[in-house]
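To keep things clear, I will list the structure first and then write my remarks on it.
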Amino acid sequence: MILVFCGTPRFAVPTLEKLVEGGHSIPLVVTQPDRPRGRGMEVAVSPVKDAAIRLGIAVVQPVTIKNNVEFRAQLAAIRPDAVVDAIIVVGYGRIIPQWMIDLPRLGNLNLHASLLPKYRGAAPIQWAIANGESVTGVTTMRIDAGLDTGDILMQREIPIAAEDTAETLAPKLASIGADLMVETLRGLDTGEVRPTPQDHSQATLAPILKKGDGRMDFARSASDLFNRLRGFQPWPGAFTTLKGKTLQVHRAQALQPAVKLTPGDVAVEGMHLFVGCGKNKDEDKDTDTALELIEIQLEGKRRMTAQEFINGYRPKSGDHLGE
């Protein structure tokens with residue numbers, strides 16, 4: 001098929017590579033403009049642009065696309081004697097305008113990192129982990145004018161491992177999603193794949209993450225905080241304050257404490273550091289919970305183990321986090 005590929009992050013690269021490997025013709029890749037990144041604010045290309053250059057595919061980086069006459073002409077010129085077969089969209093980061101939706105014969109096909117209609121939005125991987133889901137997956141869908149509301153084409157699910165973070169889960173989903181997109185195109189071409197409308201009453205949202213999402217609220221249960229820590233990697237992470245300084249929590253584990261701890265109160269036991277959390281509510285009873293802080297980083301300092309922190313900063317039982 002003749003395809004246009006729109007994508008920006010690393011998550012999209014396996015799909016681009018699989019489509020090329022599968023023999024599809026991709027005359028053009030559309031990605032976001034180069035932007036300064038990192039402490040040095042050096043201009044960096046997107047992972048998709050880097051992959052396209054390696055694969056020998058032409059790249060365009062429009063700042064806007066909705067009313068971009070030049071970009072519209074570029075797409076129309078790809079196949080002037082007929083329409084493009086499909087536009088593939090994976091993490092592009094722009095709303096697709098109606099003129100672009102109407103252009104290809106098979107539509108604009110999106111790979112979304114959740115089992116739609118669950119977790120519509122910009123951060124489905126992060127919120128699935130943060131909300132304690134045990135299963136997630138990928139969906140190929142036909143883009144319409146809404147936010148992830150188009151008809152479902154194919155889906156595939158995978159378990160979320162107890163140790164998974166957003167950083168470890170994303171490559172797994174990217175890999176199975178790349179294969180699924182190839183299968184979807186094949187199925188659309190043969191007529192075996194038929195679009196299925198979403199049940200909008202079952203929709204949940206996965207909004208773009210904000211810095212404040214990483215702030216630890218110790219009124220939550222330890223398992224809830226642990227899931228949010230795993231989900232919000234690498235940003236915004238999980239953080240609180242200790243004696244007026246920001247304390248980043250890099251590794252922790254949830255447990256039921258031997259003694260009752262008020263939410264936010266610290267307990268030092270030997271070389272172990274604990275903080276009280278909210279109750280874990282179940283059908284039978286409410287149980288107290290705590291987090292053991294395993295690796296942390298005080299504002300202006302390096303990452304360190306709890307043992308190093310205890311030896312260096314002498315925290316005391318009764319100190320309080322979050323104030």
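Convention: chains lettered A, B, ... in structure tokens order; per-chain residue numbering from 1; ligands numbered from 1 as shown.
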Pick out the residues sitting within 7 Å of region 128-140 of chain A, and hand them over as a compact mmCIF listing (two decimals) with all heavy atoms, in the first residue's frame; count only C-alpha atoms, and ignore anything fewer than 2 positions along from it in its own chain.
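Done, and the output landed in around13.txt:
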# COMPACT_ATOMS: atom_id res chain seq x y z
N LEU A 109 -5.50 5.68 10.29
CA LEU A 109 -5.49 4.56 11.23
C LEU A 109 -4.53 4.85 12.37
O LEU A 109 -3.36 5.16 12.14
CB LEU A 109 -5.10 3.27 10.51
CG LEU A 109 -5.84 2.96 9.21
CD1 LEU A 109 -5.38 1.63 8.64
CD2 LEU A 109 -7.35 2.96 9.43
N ASN A 110 -5.04 4.74 13.57
CA ASN A 110 -4.27 5.09 14.76
C ASN A 110 -3.96 3.85 15.59
O ASN A 110 -4.81 2.97 15.75
CB ASN A 110 -5.07 6.09 15.61
CG ASN A 110 -4.39 6.41 16.93
OD1 ASN A 110 -4.98 6.23 17.99
ND2 ASN A 110 -3.17 6.90 16.88
N LEU A 111 -2.74 3.79 16.12
CA LEU A 111 -2.39 2.79 17.12
C LEU A 111 -2.44 3.47 18.48
O LEU A 111 -1.69 4.42 18.74
CB LEU A 111 -0.99 2.23 16.87
CG LEU A 111 -0.47 1.27 17.96
CD1 LEU A 111 -1.30 -0.01 17.99
CD2 LEU A 111 1.00 0.97 17.74
N HIS A 112 -3.33 2.99 19.35
CA HIS A 112 -3.51 3.59 20.68
C HIS A 112 -3.11 2.59 21.75
O HIS A 112 -3.46 1.41 21.66
CB HIS A 112 -4.98 4.01 20.87
CG HIS A 112 -5.20 4.79 22.13
ND1 HIS A 112 -4.84 6.11 22.26
CD2 HIS A 112 -5.75 4.42 23.32
CE1 HIS A 112 -5.16 6.53 23.47
NE2 HIS A 112 -5.71 5.53 24.13
N ALA A 113 -2.40 3.06 22.77
CA ALA A 113 -1.82 2.16 23.77
C ALA A 113 -2.77 1.88 24.93
O ALA A 113 -2.42 2.01 26.10
CB ALA A 113 -0.51 2.74 24.28
N SER A 114 -3.99 1.47 24.61
CA SER A 114 -4.92 0.98 25.62
C SER A 114 -5.98 0.14 24.93
O SER A 114 -6.02 0.06 23.70
CB SER A 114 -5.60 2.14 26.38
OG SER A 114 -6.67 2.68 25.63
N LEU A 115 -6.82 -0.49 25.74
CA LEU A 115 -7.93 -1.26 25.21
C LEU A 115 -9.15 -0.34 25.17
O LEU A 115 -9.96 -0.31 26.10
CB LEU A 115 -8.19 -2.49 26.08
CG LEU A 115 -7.03 -3.50 26.14
CD1 LEU A 115 -7.33 -4.59 27.18
CD2 LEU A 115 -6.79 -4.12 24.77
N LEU A 116 -9.24 0.44 24.11
CA LEU A 116 -10.35 1.39 24.00
C LEU A 116 -11.70 0.67 24.14
O LEU A 116 -11.82 -0.49 23.76
CB LEU A 116 -10.27 2.11 22.65
CG LEU A 116 -9.11 3.09 22.49
CD1 LEU A 116 -9.01 3.57 21.04
CD2 LEU A 116 -9.25 4.28 23.42
N PRO A 124 -2.22 6.96 28.20
CA PRO A 124 -2.92 5.72 28.57
C PRO A 124 -2.04 4.72 29.30
O PRO A 124 -2.52 4.00 30.19
CB PRO A 124 -3.38 5.17 27.21
CG PRO A 124 -2.43 5.75 26.22
CD PRO A 124 -2.10 7.13 26.74
N ILE A 125 -0.76 4.63 28.95
CA ILE A 125 0.13 3.67 29.62
C ILE A 125 0.31 4.07 31.08
O ILE A 125 0.20 3.25 31.99
CB ILE A 125 1.48 3.60 28.89
CG1 ILE A 125 1.30 3.14 27.45
CG2 ILE A 125 2.44 2.68 29.62
CD1 ILE A 125 2.57 3.22 26.60
N GLN A 126 0.58 5.35 31.30
CA GLN A 126 0.84 5.83 32.65
C GLN A 126 -0.37 5.65 33.57
O GLN A 126 -0.24 5.18 34.70
CB GLN A 126 1.25 7.31 32.61
CG GLN A 126 2.58 7.56 31.92
CD GLN A 126 2.45 7.85 30.44
OE1 GLN A 126 1.54 7.35 29.76
NE2 GLN A 126 3.35 8.67 29.90
N ILE A 152 -13.24 0.86 16.40
CA ILE A 152 -12.17 -0.08 16.69
C ILE A 152 -11.99 -1.04 15.53
O ILE A 152 -12.97 -1.55 14.97
CB ILE A 152 -12.48 -0.86 17.99
CG1 ILE A 152 -12.41 0.08 19.20
CG2 ILE A 152 -11.53 -2.04 18.17
CD1 ILE A 152 -12.94 -0.54 20.48
N LEU A 153 -10.73 -1.29 15.18
CA LEU A 153 -10.42 -2.25 14.12
C LEU A 153 -9.92 -3.57 14.71
O LEU A 153 -10.51 -4.61 14.49
CB LEU A 153 -9.39 -1.64 13.17
CG LEU A 153 -9.84 -0.35 12.47
CD1 LEU A 153 -8.70 0.31 11.73
CD2 LEU A 153 -11.02 -0.63 11.54
N MET A 154 -8.85 -3.54 15.47
CA MET A 154 -8.34 -4.73 16.13
C MET A 154 -7.79 -4.36 17.50
O MET A 154 -7.42 -3.20 17.74
CB MET A 154 -7.23 -5.40 15.29
CG MET A 154 -7.67 -5.92 13.94
SD MET A 154 -6.33 -6.81 13.07
CE MET A 154 -6.28 -8.36 14.01
N GLN A 155 -7.72 -5.36 18.40
CA GLN A 155 -7.16 -5.16 19.72
C GLN A 155 -6.32 -6.37 20.13
O GLN A 155 -6.57 -7.48 19.68
CB GLN A 155 -8.25 -4.93 20.78
CG GLN A 155 -9.02 -3.63 20.59
CD GLN A 155 -9.99 -3.34 21.73
OE1 GLN A 155 -10.74 -4.21 22.14
NE2 GLN A 155 -9.98 -2.11 22.22
N ARG A 156 -5.35 -6.10 21.00
CA ARG A 156 -4.57 -7.19 21.58
C ARG A 156 -4.21 -6.80 23.01
O ARG A 156 -3.78 -5.68 23.24
CB ARG A 156 -3.32 -7.47 20.75
CG ARG A 156 -2.53 -8.69 21.21
CD ARG A 156 -1.76 -9.30 20.05
NE ARG A 156 -2.68 -9.76 19.01
CZ ARG A 156 -2.35 -9.87 17.73
NH1 ARG A 156 -1.15 -9.54 17.32
NH2 ARG A 156 -3.23 -10.30 16.84
N GLU A 157 -4.38 -7.72 23.95
CA GLU A 157 -4.11 -7.38 25.34
C GLU A 157 -2.88 -8.13 25.86
O GLU A 157 -2.51 -9.19 25.35
CB GLU A 157 -5.32 -7.67 26.23
CG GLU A 157 -5.68 -9.13 26.40
CD GLU A 157 -6.83 -9.31 27.38
OE1 GLU A 157 -7.84 -8.58 27.29
OE2 GLU A 157 -6.72 -10.22 28.23
N ILE A 158 -2.27 -7.52 26.89
CA ILE A 158 -1.15 -8.15 27.58
C ILE A 158 -1.29 -7.86 29.07
O ILE A 158 -1.89 -6.85 29.45
CB ILE A 158 0.22 -7.67 27.07
CG1 ILE A 158 0.41 -6.16 27.31
CG2 ILE A 158 0.44 -8.01 25.61
CD1 ILE A 158 1.84 -5.68 27.08
N PRO A 159 -0.70 -8.70 29.92
CA PRO A 159 -0.74 -8.42 31.36
C PRO A 159 0.23 -7.31 31.73
O PRO A 159 1.25 -7.10 31.05
CB PRO A 159 -0.31 -9.76 31.99
CG PRO A 159 0.53 -10.41 30.94
CD PRO A 159 -0.06 -10.00 29.62
N ILE A 160 -0.09 -6.59 32.79
CA ILE A 160 0.84 -5.63 33.38
C ILE A 160 1.53 -6.34 34.53
O ILE A 160 0.88 -6.72 35.51
CB ILE A 160 0.12 -4.37 33.88
CG1 ILE A 160 -0.60 -3.67 32.72
CG2 ILE A 160 1.10 -3.42 34.55
CD1 ILE A 160 -1.42 -2.45 33.15
N LEU A 173 4.25 -2.72 24.55
CA LEU A 173 3.06 -2.33 23.81
C LEU A 173 3.42 -1.85 22.41
O LEU A 173 2.69 -2.12 21.45
CB LEU A 173 2.30 -1.23 24.57
CG LEU A 173 1.65 -1.67 25.89
CD1 LEU A 173 1.16 -0.45 26.66
CD2 LEU A 173 0.50 -2.63 25.63
N GLY A 177 1.98 -3.63 19.19
CA GLY A 177 1.18 -2.69 18.40
C GLY A 177 1.66 -2.60 16.97
O GLY A 177 0.86 -2.46 16.04
N MET A 181 -0.72 -3.37 13.74
CA MET A 181 -1.01 -2.44 12.65
C MET A 181 -0.82 -3.12 11.30
O MET A 181 -1.62 -2.91 10.37
CB MET A 181 -0.12 -1.20 12.75
CG MET A 181 -0.41 -0.15 11.68
SD MET A 181 -2.11 0.50 11.70
CE MET A 181 -2.01 1.64 13.09
N ASN A 227 1.56 2.25 42.89
CA ASN A 227 1.14 2.19 41.49
C ASN A 227 1.37 3.51 40.77
O ASN A 227 1.80 3.54 39.60
CB ASN A 227 -0.34 1.80 41.39
CG ASN A 227 -0.59 0.36 41.77
OD1 ASN A 227 0.30 -0.48 41.69
ND2 ASN A 227 -1.81 0.07 42.22
N ARG A 228 1.11 4.62 41.44
CA ARG A 228 1.35 5.93 40.83
C ARG A 228 2.84 6.16 40.61
O ARG A 228 3.25 6.71 39.58
CB ARG A 228 0.74 7.04 41.71
CG ARG A 228 -0.79 7.00 41.71
CD ARG A 228 -1.36 7.98 42.72
NE ARG A 228 -1.23 9.35 42.32
CZ ARG A 228 -2.12 10.05 41.62
NH1 ARG A 228 -3.24 9.47 41.21
NH2 ARG A 228 -1.91 11.32 41.33
N ARG A 230 5.02 3.85 39.93
CA ARG A 230 5.38 3.05 38.76
C ARG A 230 4.86 3.68 37.46
O ARG A 230 5.53 3.67 36.44
CB ARG A 230 4.80 1.64 38.89
CG ARG A 230 5.40 0.81 40.00
CD ARG A 230 4.95 -0.64 39.88
NE ARG A 230 3.51 -0.80 39.95
CZ ARG A 230 2.79 -1.51 39.08
NH1 ARG A 230 3.35 -2.12 38.05
NH2 ARG A 230 1.48 -1.61 39.24
N GLY A 231 3.64 4.21 37.54
CA GLY A 231 3.03 4.75 36.33
C GLY A 231 3.63 6.06 35.87
O GLY A 231 3.73 6.30 34.67
What's the 12 Å shell around region 270-283 of chain A, counting only C-alpha atoms, without same-chain residues fewer than 6 positions away, as a ChimeraX atom specification? /A:216-226,240,242,249,251-264,289-296,305-312,314-322
For CA of Asp286 (chain A) and CA of Leu229 (chain A), determine how far apart the two atoms are, in Å to one decimal place. 22.6 Å
Kindly indicate which residue among A:Gly121, A:Gly214, A:Pro197, A:Gly191 lies nearest to Gln233 (chain A), using only C-alpha atoms for the distances. A:Gly214
From the DSSP assignment of the backbone, select every residue of region 119-181 of chain A that is alpha helix (DSSP H), and format the answer as a ChimeraX atom specification. /A:124-130,166-181
Near Gln198 (chain A), within 10 Å and counting only C-alpha atoms, which residues show up once chain neighbours fewer than 5 positions away are dropped, as number ranges by chain? A: 116-118, 141, 148-152, 203
I need the residues from that last selection saved to file as an mmCIF file, in the first residue's frame (with N, CA and C atoms), if you can.
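What landed in result-v1.cif:
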data_model
loop_
_atom_site.group_PDB
_atom_site.id
_atom_site.type_symbol
_atom_site.label_atom_id
_atom_site.label_comp_id
_atom_site.auth_asym_id
_atom_site.auth_seq_id
_atom_site.Cartn_x
_atom_site.Cartn_y
_atom_site.Cartn_z
ATOM 1 N N LEU A 116 -9.237 0.443 24.113
ATOM 2 C CA LEU A 116 -10.352 1.391 23.996
ATOM 3 C C LEU A 116 -11.696 0.669 24.141
ATOM 4 N N PRO A 117 -12.670 1.349 24.775
ATOM 5 C CA PRO A 117 -12.710 2.781 25.098
ATOM 6 C C PRO A 117 -12.040 3.181 26.416
ATOM 7 N N LYS A 118 -11.360 2.249 27.106
ATOM 8 C CA LYS A 118 -10.659 2.635 28.329
ATOM 9 C C LYS A 118 -9.421 3.448 27.988
ATOM 10 N N MET A 141 -7.479 1.754 15.473
ATOM 11 C CA MET A 141 -8.786 2.374 15.297
ATOM 12 C C MET A 141 -8.739 3.322 14.121
ATOM 13 N N ASP A 148 -9.963 9.977 20.362
ATOM 14 C CA ASP A 148 -9.887 8.509 20.489
ATOM 15 C C ASP A 148 -11.269 7.866 20.511
ATOM 16 N N THR A 149 -12.187 8.406 19.717
ATOM 17 C CA THR A 149 -13.568 7.922 19.723
ATOM 18 C C THR A 149 -13.929 7.107 18.485
ATOM 19 N N GLY A 150 -12.983 6.938 17.565
ATOM 20 C CA GLY A 150 -13.285 6.271 16.302
ATOM 21 C C GLY A 150 -13.534 4.781 16.437
ATOM 22 N N ASP A 151 -13.982 4.183 15.351
ATOM 23 C CA ASP A 151 -14.309 2.755 15.351
ATOM 24 C C ASP A 151 -13.065 1.903 15.592
ATOM 25 N N ILE A 152 -13.242 0.861 16.397
ATOM 26 C CA ILE A 152 -12.167 -0.078 16.695
ATOM 27 C C ILE A 152 -11.994 -1.041 15.526
ATOM 28 N N ALA A 203 -16.237 4.549 28.418
ATOM 29 C CA ALA A 203 -15.000 5.301 28.225
ATOM 30 C C ALA A 203 -14.443 5.821 29.550
#
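Pairwise distance (CA of Gly38 (chain A), CA of Lys245 (chain A)) equals 23.3 Å.
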Top pick for closest residue to Glu183 (chain A), considering A:Ile2, A:Leu19, A:Leu55, A:Ala12 and counting only C-alpha atoms: A:Leu19
As a check of understanding: the span from CA of Ile53 (chain A) to CA of Phe5 (chain A) is 13.2 Å
Could you pull out the strand (DSSP E or B) residues of region 73-292 of chain A, going by DSSP on the backbone, and write them as a PyMOL selection string? chain A and resi 86-90+108-112+120+135-142+152-159+196+205+215+221+239-242+245-255+265-269+272-281+286-292
Residues of the last selection are to be written out with C-alpha atoms, as an mmCIF file, in the first residue's frame.
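Result saved to out29.cif:
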data_model
loop_
_atom_site.group_PDB
_atom_site.id
_atom_site.type_symbol
_atom_site.label_atom_id
_atom_site.label_comp_id
_atom_site.auth_asym_id
_atom_site.auth_seq_id
_atom_site.Cartn_x
_atom_site.Cartn_y
_atom_site.Cartn_z
ATOM 1 C CA ALA A 86 -3.980 5.120 4.464
ATOM 2 C CA ILE A 87 -2.408 7.602 6.835
ATOM 3 C CA ILE A 88 -0.926 5.836 9.865
ATOM 4 C CA VAL A 89 -0.892 7.892 13.071
ATOM 5 C CA VAL A 90 1.094 6.777 16.129
ATOM 6 C CA ASN A 108 -6.433 7.583 9.127
ATOM 7 C CA LEU A 109 -5.495 4.557 11.228
ATOM 8 C CA ASN A 110 -4.275 5.086 14.761
ATOM 9 C CA LEU A 111 -2.389 2.790 17.125
ATOM 10 C CA HIS A 112 -3.511 3.594 20.679
ATOM 11 C CA ARG A 120 -8.682 7.693 25.939
ATOM 12 C CA VAL A 135 -4.225 -5.970 32.035
ATOM 13 C CA THR A 136 -3.836 -3.472 29.226
ATOM 14 C CA GLY A 137 -3.195 -3.647 25.498
ATOM 15 C CA VAL A 138 -3.239 -1.861 22.169
ATOM 16 C CA THR A 139 -6.005 -0.872 19.787
ATOM 17 C CA THR A 140 -5.971 -0.011 16.118
ATOM 18 C CA MET A 141 -8.786 2.374 15.297
ATOM 19 C CA ARG A 142 -10.048 4.605 12.500
ATOM 20 C CA ILE A 152 -12.167 -0.078 16.695
ATOM 21 C CA LEU A 153 -10.417 -2.246 14.124
ATOM 22 C CA MET A 154 -8.339 -4.730 16.130
ATOM 23 C CA GLN A 155 -7.156 -5.155 19.723
ATOM 24 C CA ARG A 156 -4.572 -7.194 21.582
ATOM 25 C CA GLU A 157 -4.110 -7.384 25.341
ATOM 26 C CA ILE A 158 -1.148 -8.155 27.578
ATOM 27 C CA PRO A 159 -0.737 -8.421 31.357
ATOM 28 C CA THR A 196 -16.732 -1.788 15.387
ATOM 29 C CA LEU A 205 -9.872 9.207 30.321
ATOM 30 C CA ARG A 215 2.977 14.807 44.454
ATOM 31 C CA SER A 221 -3.117 3.717 50.431
ATOM 32 C CA PHE A 239 7.814 13.341 45.233
ATOM 33 C CA THR A 240 7.002 14.865 48.600
ATOM 34 C CA THR A 241 8.717 17.270 51.002
ATOM 35 C CA LEU A 242 10.849 16.779 54.113
ATOM 36 C CA LYS A 245 12.918 20.360 50.856
ATOM 37 C CA THR A 246 11.673 18.274 47.942
ATOM 38 C CA LEU A 247 12.191 14.538 48.384
ATOM 39 C CA GLN A 248 11.987 12.441 45.215
ATOM 40 C CA VAL A 249 11.055 8.789 45.731
ATOM 41 C CA HIS A 250 12.629 6.574 43.077
ATOM 42 C CA ARG A 251 11.953 3.114 44.535
ATOM 43 C CA ALA A 252 9.562 1.926 47.216
ATOM 44 C CA GLN A 253 7.406 -1.019 48.204
ATOM 45 C CA ALA A 254 3.973 -1.218 49.791
ATOM 46 C CA LEU A 255 3.410 -3.205 52.963
ATOM 47 C CA ASP A 265 4.743 10.044 59.577
ATOM 48 C CA VAL A 266 8.217 8.550 59.226
ATOM 49 C CA ALA A 267 9.506 5.475 61.054
ATOM 50 C CA VAL A 268 13.200 4.543 61.111
ATOM 51 C CA GLU A 269 13.869 0.903 61.935
ATOM 52 C CA HIS A 272 14.934 0.803 56.871
ATOM 53 C CA LEU A 273 12.812 3.885 56.273
ATOM 54 C CA PHE A 274 9.020 3.754 56.344
ATOM 55 C CA VAL A 275 6.207 6.288 55.889
ATOM 56 C CA GLY A 276 2.604 5.834 56.978
ATOM 57 C CA CYS A 277 -0.114 5.855 54.322
ATOM 58 C CA GLY A 278 -3.894 5.716 54.176
ATOM 59 C CA LYS A 279 -5.955 2.631 54.836
ATOM 60 C CA ASN A 280 -6.322 -0.148 52.304
ATOM 61 C CA LYS A 281 -10.079 -0.573 52.036
ATOM 62 C CA ASP A 286 -9.798 -1.419 56.677
ATOM 63 C CA THR A 287 -6.078 -2.078 57.125
ATOM 64 C CA ASP A 288 -3.260 0.357 57.811
ATOM 65 C CA THR A 289 -0.598 0.583 55.119
ATOM 66 C CA ALA A 290 2.909 1.962 54.735
ATOM 67 C CA LEU A 291 5.568 2.472 52.106
ATOM 68 C CA GLU A 292 9.141 1.401 52.613
#
Counting only C-alpha atoms, which of A:Tyr313, A:Phe232, A:Tyr119, A:Phe11 gets nearest to Tyr92 (chain A)? A:Phe11
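Nearest residue to Gly93 (chain A) among A:Leu169, A:Asn68, A:His24, A:Pro9 is A:Pro9, counting only C-alpha atoms.
Minimum atom-to-atom distance to Ala123 (chain A), evaluated using only C-alpha atoms, belongs to A:Ala206 out of A:Ala51, A:Gly23, A:Ser46, A:Ala206.
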Env of Ile78 (chain A): 12 Å cut, atoms = only C-alpha atoms, seq-sep filter 5 positions within chain, self excluded. Answer as an MDAnalysis selection string. chainID A and resid 2:4 25:29 58 71:73 83:85 87 103:104
